[in-house]
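Note sheet for the following structure.
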Amino acid sequence: MDTQLHLYNTLSGSKEKFEPLNPPFVGLYVCGPTVYSDVHLGNCRTFISFDLVNRYLRHLGYKVRYVRNITDAGHLENDADEGEDKISKRARIEQLEPMEIVQQYTLDFHEKMRVFNTLAPDIEPTATGHIVEQIDIIQKIMEAGLAYEVNGSIYFDVLKYNEQERYGMLSGRKVEELISGTRTLDGQDEKRNALDFALWKKASPSHIMRWNSPWGKGFPGWHLECSVMSTKYLGETFDIHGGGMDLKFPHHECEIAQNHAAHGTHAVRYWLHGNMLTFEGTKMSKSLGNSILPDELFTGDHKLLNRGFHPMVVRFFMMQAHYRSTLDFSNEALEAAEKGYQRLMASLKILETLPETEQSDIDAGAYEAKFYAAMNDDFNSPILISHLFDLAKTINSAAEGRLKIDATTKVALLELVESFVIDVLGLQAIEESGDSDLANGLMNVILDVRARARANKDWSTSDAIRDQLAALDIVVKDGKDGATWEVKK
Ligand code: AMP
Ligand code: ZN
């Protein structure tokens, strides 16, 4: 089977054969969330896209070290070098400690990632846990003569760097054009050039999150943490760096420059960028007010939604688009995804029950080759899903007796479904019974406690249980053979 992966490297702008630096090990770094608010569906799409990348690399047998950071300091409003830190601002408004904000939204993020069945990263480093390393790299960049200090803040000297290495190599931008597109500095500005970016900012008296440094109390610039944490855990040169398309510039461009200035190398071999989730063609984002939170989508409790959808339907919806294409969110698109998902999973389930014959009209090897070809072509999950629909049709024909399947083919197909649907696409059957088994078990326990209370003539306990269940729309009926229950429609 051809298991050679090709991936689209944003740096070269072309598909390349994937050859890890040190096989079978693969270093994968993905920019994580800034934990100052709930993650919205757009954010989730990027993390789900890279979950597919992580899962497929593992499926191919690579030993992946997946590092995804938590930005818990240094990300200023509007991604700029001025303004308030996003986390500090939220802490001030909610009258909480910044670390309470960080904890709250990190937990929320983890819960969302769990619900979408993403694999946890192997290391999840935080910016605040790596202040010392950030100060170290700033010193290296200063020693290289590519950063300068002004009033306790340190800025990266983009023009000087650009004399040695091209600034803009990832996003295809040219420094001259960038300069003409930026405002000219007024006398108040500390920077030598508007393109320069902060590596360290002096903390104003009101800035809560601050650390000691050789330049006084301050905090790191946002771009720095990813340079530091990726190379600390994956090495000064590592395989894959990913993130959303919107991070290409300036965030990733700055990462490249910082790493090269400090270590003299280009840290990342393959840059991968996931495209945006849009709503009516506009990027879903908190600041534009068109974002939907995962919980709102699950419950349907949002003005843009007709009803709720299961997390697996949402994941399937995302997998039906290639990670480098934009994906437009709409009620209709989700309804179609839901129908497709149910149809697909129902057919795949029939596979187990197909009667076996001596001979087979079905070629499992041909499906395997197609599945690998799709995924080896830059993780093309929509093509994989279209082959899965073909397989579903074949299974339905076999179920209707129009095609024969032998035992070996059946086992091979069951293994393929397990690998590609469950392991690679990360999809799970929507098991109604899982929940209802649990509910039945819990209700048996509750009704047993109530029966004992009644036997002891403890009417207040038995009534309290009945009333509290009634408040949850669960009706308990006492009969000759004990109590039964049902959910009020
Ligand atoms: P942030 O917390 O804003 O730094 O974003 C976390 C991740 O979500 C980044 O990789 C962004 O590129 C990504 N992201 C933000 N908005 C969207 C969107 N509408 N669609 C897909 N990814 C997004
Ligand atoms: Zn980053």
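Each chain of the structure tokens is named A, B, ... in the order shown, its residues numbered from 1; ligands are numbered from 1 in display order.
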Check the DSSP output for the backbone and give back, as a PyMOL selection string, the residues of region 282-429 of chain A in alpha helix (DSSP H). chain A and resi 294-299+311-319+331-353+364-376+381-399+407-417
Could you list, as a PyMOL selection string, all the residues within 8 Å of ligand 2, counting only C-alpha atoms and all ligand atoms? chain A and resi 30-32+69+222-223+225-227+243+247+251-252+255
Could the residues in this selection be written to a file with C-alpha atoms, as a compact mmCIF listing (two decimals), in the first residue's frame?
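The resulting file, part-v1.txt, is reproduced below:
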# COMPACT_ATOMS: atom_id res chain seq x y z
CA VAL A 30 -0.02 24.05 16.55
CA CYS A 31 -0.78 27.54 17.86
CA GLY A 32 -3.32 27.14 20.63
CA ASN A 69 0.26 25.95 23.49
CA TRP A 222 2.66 37.46 21.74
CA HIS A 223 4.72 36.09 18.82
CA GLU A 225 5.99 32.31 23.04
CA CYS A 226 5.45 30.06 20.01
CA SER A 227 9.06 30.46 18.85
CA GLY A 243 -2.36 27.19 12.77
CA LEU A 247 -2.00 33.62 11.83
CA HIS A 251 2.25 35.91 13.89
CA HIS A 252 4.04 33.16 11.96
CA GLU A 255 8.05 33.48 14.57
So that I can see what lies close to Lys339 (chain A), please list as number ranges by chain the residues with an atom at most 12 Å from it, counting only C-alpha atoms and leaving out residues fewer than 3 positions away in the same chain. A: 309-310, 313-314, 316-317, 332-336, 342-346
Expected file contents, prior selection, N, CA and C atoms, as a PDB file, in the first residue's frame:
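Saved as part-v5.pdb:
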ATOM      1  N   PHE A 309     -27.447  20.510  16.876  1.00  0.00           N
ATOM      2  CA  PHE A 309     -26.820  19.395  16.167  1.00  0.00           C
ATOM      3  C   PHE A 309     -25.836  18.680  17.083  1.00  0.00           C
ATOM      4  N   HIS A 310     -25.715  17.381  16.875  1.00  0.00           N
ATOM      5  CA  HIS A 310     -24.803  16.568  17.679  1.00  0.00           C
ATOM      6  C   HIS A 310     -23.341  16.920  17.325  1.00  0.00           C
ATOM      7  N   VAL A 313     -21.967  15.275  14.311  1.00  0.00           N
ATOM      8  CA  VAL A 313     -22.463  15.806  13.035  1.00  0.00           C
ATOM      9  C   VAL A 313     -21.635  17.036  12.656  1.00  0.00           C
ATOM     10  N   VAL A 314     -21.327  17.837  13.667  1.00  0.00           N
ATOM     11  CA  VAL A 314     -20.540  19.047  13.422  1.00  0.00           C
ATOM     12  C   VAL A 314     -19.127  18.648  12.957  1.00  0.00           C
ATOM     13  N   PHE A 316     -18.304  15.874  11.452  1.00  0.00           N
ATOM     14  CA  PHE A 316     -18.455  15.327  10.095  1.00  0.00           C
ATOM     15  C   PHE A 316     -18.582  16.469   9.083  1.00  0.00           C
ATOM     16  N   PHE A 317     -19.376  17.470   9.429  1.00  0.00           N
ATOM     17  CA  PHE A 317     -19.553  18.654   8.579  1.00  0.00           C
ATOM     18  C   PHE A 317     -18.183  19.276   8.267  1.00  0.00           C
ATOM     19  N   GLU A 332     -28.702  24.887   6.689  1.00  0.00           N
ATOM     20  CA  GLU A 332     -28.966  23.912   5.627  1.00  0.00           C
ATOM     21  C   GLU A 332     -27.773  22.969   5.470  1.00  0.00           C
ATOM     22  N   ALA A 333     -26.570  23.547   5.526  1.00  0.00           N
ATOM     23  CA  ALA A 333     -25.370  22.718   5.344  1.00  0.00           C
ATOM     24  C   ALA A 333     -25.264  21.697   6.479  1.00  0.00           C
ATOM     25  N   LEU A 334     -25.626  22.124   7.688  1.00  0.00           N
ATOM     26  CA  LEU A 334     -25.550  21.187   8.816  1.00  0.00           C
ATOM     27  C   LEU A 334     -26.629  20.116   8.725  1.00  0.00           C
ATOM     28  N   GLU A 335     -27.810  20.535   8.262  1.00  0.00           N
ATOM     29  CA  GLU A 335     -28.882  19.536   8.104  1.00  0.00           C
ATOM     30  C   GLU A 335     -28.476  18.487   7.075  1.00  0.00           C
ATOM     31  N   ALA A 336     -27.844  18.938   5.989  1.00  0.00           N
ATOM     32  CA  ALA A 336     -27.388  17.996   4.959  1.00  0.00           C
ATOM     33  C   ALA A 336     -26.303  17.084   5.533  1.00  0.00           C
ATOM     34  N   GLN A 342     -25.800  10.206   9.077  1.00  0.00           N
ATOM     35  CA  GLN A 342     -26.656   9.104   9.530  1.00  0.00           C
ATOM     36  C   GLN A 342     -26.717   7.992   8.485  1.00  0.00           C
ATOM     37  N   ARG A 343     -26.811   8.397   7.215  1.00  0.00           N
ATOM     38  CA  ARG A 343     -26.888   7.437   6.117  1.00  0.00           C
ATOM     39  C   ARG A 343     -25.593   6.616   6.069  1.00  0.00           C
ATOM     40  N   LEU A 344     -24.484   7.333   6.161  1.00  0.00           N
ATOM     41  CA  LEU A 344     -23.183   6.663   6.073  1.00  0.00           C
ATOM     42  C   LEU A 344     -22.989   5.688   7.233  1.00  0.00           C
ATOM     43  N   MET A 345     -23.250   6.157   8.436  1.00  0.00           N
ATOM     44  CA  MET A 345     -22.990   5.316   9.600  1.00  0.00           C
ATOM     45  C   MET A 345     -23.938   4.111   9.616  1.00  0.00           C
ATOM     46  N   ALA A 346     -25.178   4.317   9.158  1.00  0.00           N
ATOM     47  CA  ALA A 346     -26.136   3.202   9.142  1.00  0.00           C
ATOM     48  C   ALA A 346     -25.656   2.123   8.176  1.00  0.00           C
TER      49      ALA A 346
END
Hey, could you make a per-residue contact list for chain A against ligand 1 with 8 Å as the cut-off, showing the nearest pair of atoms and its distance in Å to one decimal, counting only C-alpha atoms and all ligand atoms, sorted by chain and number, as JSON lines?
{"residue": "A:Val30", "atom": "CA", "partner": "ligand 1", "partner_atom_place_in_ligand_line": "10 (O)", "distance": 7.5}
{"residue": "A:Cys31", "atom": "CA", "partner": "ligand 1", "partner_atom_place_in_ligand_line": "10 (O)", "distance": 5.6}
{"residue": "A:Gly32", "atom": "CA", "partner": "ligand 1", "partner_atom_place_in_ligand_line": "6 (C)", "distance": 5.6}
{"residue": "A:Pro33", "atom": "CA", "partner": "ligand 1", "partner_atom_place_in_ligand_line": "2 (O)", "distance": 3.5}
{"residue": "A:Thr34", "atom": "CA", "partner": "ligand 1", "partner_atom_place_in_ligand_line": "2 (O)", "distance": 4.0}
{"residue": "A:Val35", "atom": "CA", "partner": "ligand 1", "partner_atom_place_in_ligand_line": "2 (O)", "distance": 6.6}
{"residue": "A:Val39", "atom": "CA", "partner": "ligand 1", "partner_atom_place_in_ligand_line": "2 (O)", "distance": 7.0}
{"residue": "A:His40", "atom": "CA", "partner": "ligand 1", "partner_atom_place_in_ligand_line": "16 (N)", "distance": 7.7}
{"residue": "A:Leu41", "atom": "CA", "partner": "ligand 1", "partner_atom_place_in_ligand_line": "18 (C)", "distance": 7.2}
{"residue": "A:Gly42", "atom": "CA", "partner": "ligand 1", "partner_atom_place_in_ligand_line": "18 (C)", "distance": 3.4}
{"residue": "A:Asn43", "atom": "CA", "partner": "ligand 1", "partner_atom_place_in_ligand_line": "8 (O)", "distance": 3.5}
{"residue": "A:Cys44", "atom": "CA", "partner": "ligand 1", "partner_atom_place_in_ligand_line": "8 (O)", "distance": 6.7}
{"residue": "A:Arg45", "atom": "CA", "partner": "ligand 1", "partner_atom_place_in_ligand_line": "21 (C)", "distance": 5.2}
{"residue": "A:Thr46", "atom": "CA", "partner": "ligand 1", "partner_atom_place_in_ligand_line": "22 (N)", "distance": 4.5}
{"residue": "A:Phe47", "atom": "CA", "partner": "ligand 1", "partner_atom_place_in_ligand_line": "7 (C)", "distance": 7.1}
{"residue": "A:Thr71", "atom": "CA", "partner": "ligand 1", "partner_atom_place_in_ligand_line": "4 (O)", "distance": 7.6}
{"residue": "A:Gly242", "atom": "CA", "partner": "ligand 1", "partner_atom_place_in_ligand_line": "10 (O)", "distance": 7.8}
{"residue": "A:Gly243", "atom": "CA", "partner": "ligand 1", "partner_atom_place_in_ligand_line": "10 (O)", "distance": 4.2}
{"residue": "A:Gly244", "atom": "CA", "partner": "ligand 1", "partner_atom_place_in_ligand_line": "12 (O)", "distance": 3.1}
{"residue": "A:Met245", "atom": "CA", "partner": "ligand 1", "partner_atom_place_in_ligand_line": "12 (O)", "distance": 5.7}
{"residue": "A:Asp246", "atom": "CA", "partner": "ligand 1", "partner_atom_place_in_ligand_line": "12 (O)", "distance": 5.0}
{"residue": "A:Leu247", "atom": "CA", "partner": "ligand 1", "partner_atom_place_in_ligand_line": "12 (O)", "distance": 5.3}
{"residue": "A:Gly274", "atom": "CA", "partner": "ligand 1", "partner_atom_place_in_ligand_line": "21 (C)", "distance": 7.0}
{"residue": "A:Asn275", "atom": "CA", "partner": "ligand 1", "partner_atom_place_in_ligand_line": "21 (C)", "distance": 5.8}
{"residue": "A:Met276", "atom": "CA", "partner": "ligand 1", "partner_atom_place_in_ligand_line": "20 (N)", "distance": 3.4}
{"residue": "A:Leu277", "atom": "CA", "partner": "ligand 1", "partner_atom_place_in_ligand_line": "20 (N)", "distance": 3.7}
{"residue": "A:Thr278", "atom": "CA", "partner": "ligand 1", "partner_atom_place_in_ligand_line": "19 (N)", "distance": 5.7}
{"residue": "A:Lys283", "atom": "CA", "partner": "ligand 1", "partner_atom_place_in_ligand_line": "19 (N)", "distance": 4.6}
{"residue": "A:Met284", "atom": "CA", "partner": "ligand 1", "partner_atom_place_in_ligand_line": "19 (N)", "distance": 3.8}
{"residue": "A:Ser285", "atom": "CA", "partner": "ligand 1", "partner_atom_place_in_ligand_line": "19 (N)", "distance": 5.4}
{"residue": "A:Ser291", "atom": "CA", "partner": "ligand 1", "partner_atom_place_in_ligand_line": "19 (N)", "distance": 7.8}
Could you check the closest approach to Val476 (chain A) for each of A:Asn444, A:Arg452, A:Ala407, A:Lys286 and tell me which residue wins, using only C-alpha atoms?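 Ranked by minimum distance to Val476 (chain A), first place goes to A:Asn444.
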Could you pull the residues within 7 Å of region 424-432 of chain A, counting only C-alpha atoms, minus those fewer than 5 positions along the same chain, as number ranges by chain? A: 52, 55-56, 59, 117, 312, 345, 419
Run DSSP on the backbone and give me the residues of region 65-94 of chain A it puts in strand (DSSP E), as an NGL selection string. :A and (65-68)
For the selection just defined, write its residues with C-alpha atoms to a file, as a compact mmCIF listing (two decimals), in the first residue's frame.
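Done, and the output landed in again_30.txt:
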# COMPACT_ATOMS: atom_id res chain seq x y z
CA ARG A 65 4.99 14.67 19.60
CA TYR A 66 2.09 17.06 19.37
CA VAL A 67 2.62 20.39 21.13
CA ARG A 68 -0.22 22.90 21.32
For Leu224 (chain A), the nearest of the candidates A:Ser204, A:Phe249, A:Met209, A:Ala73, counting only C-alpha atoms: A:Ala73
Which residues are close to Thr409 (chain A), i.e. within 8 Å by only C-alpha atoms, leaving aside same-chain residues fewer than 6 positions away? Reply as a count of residues only. 4
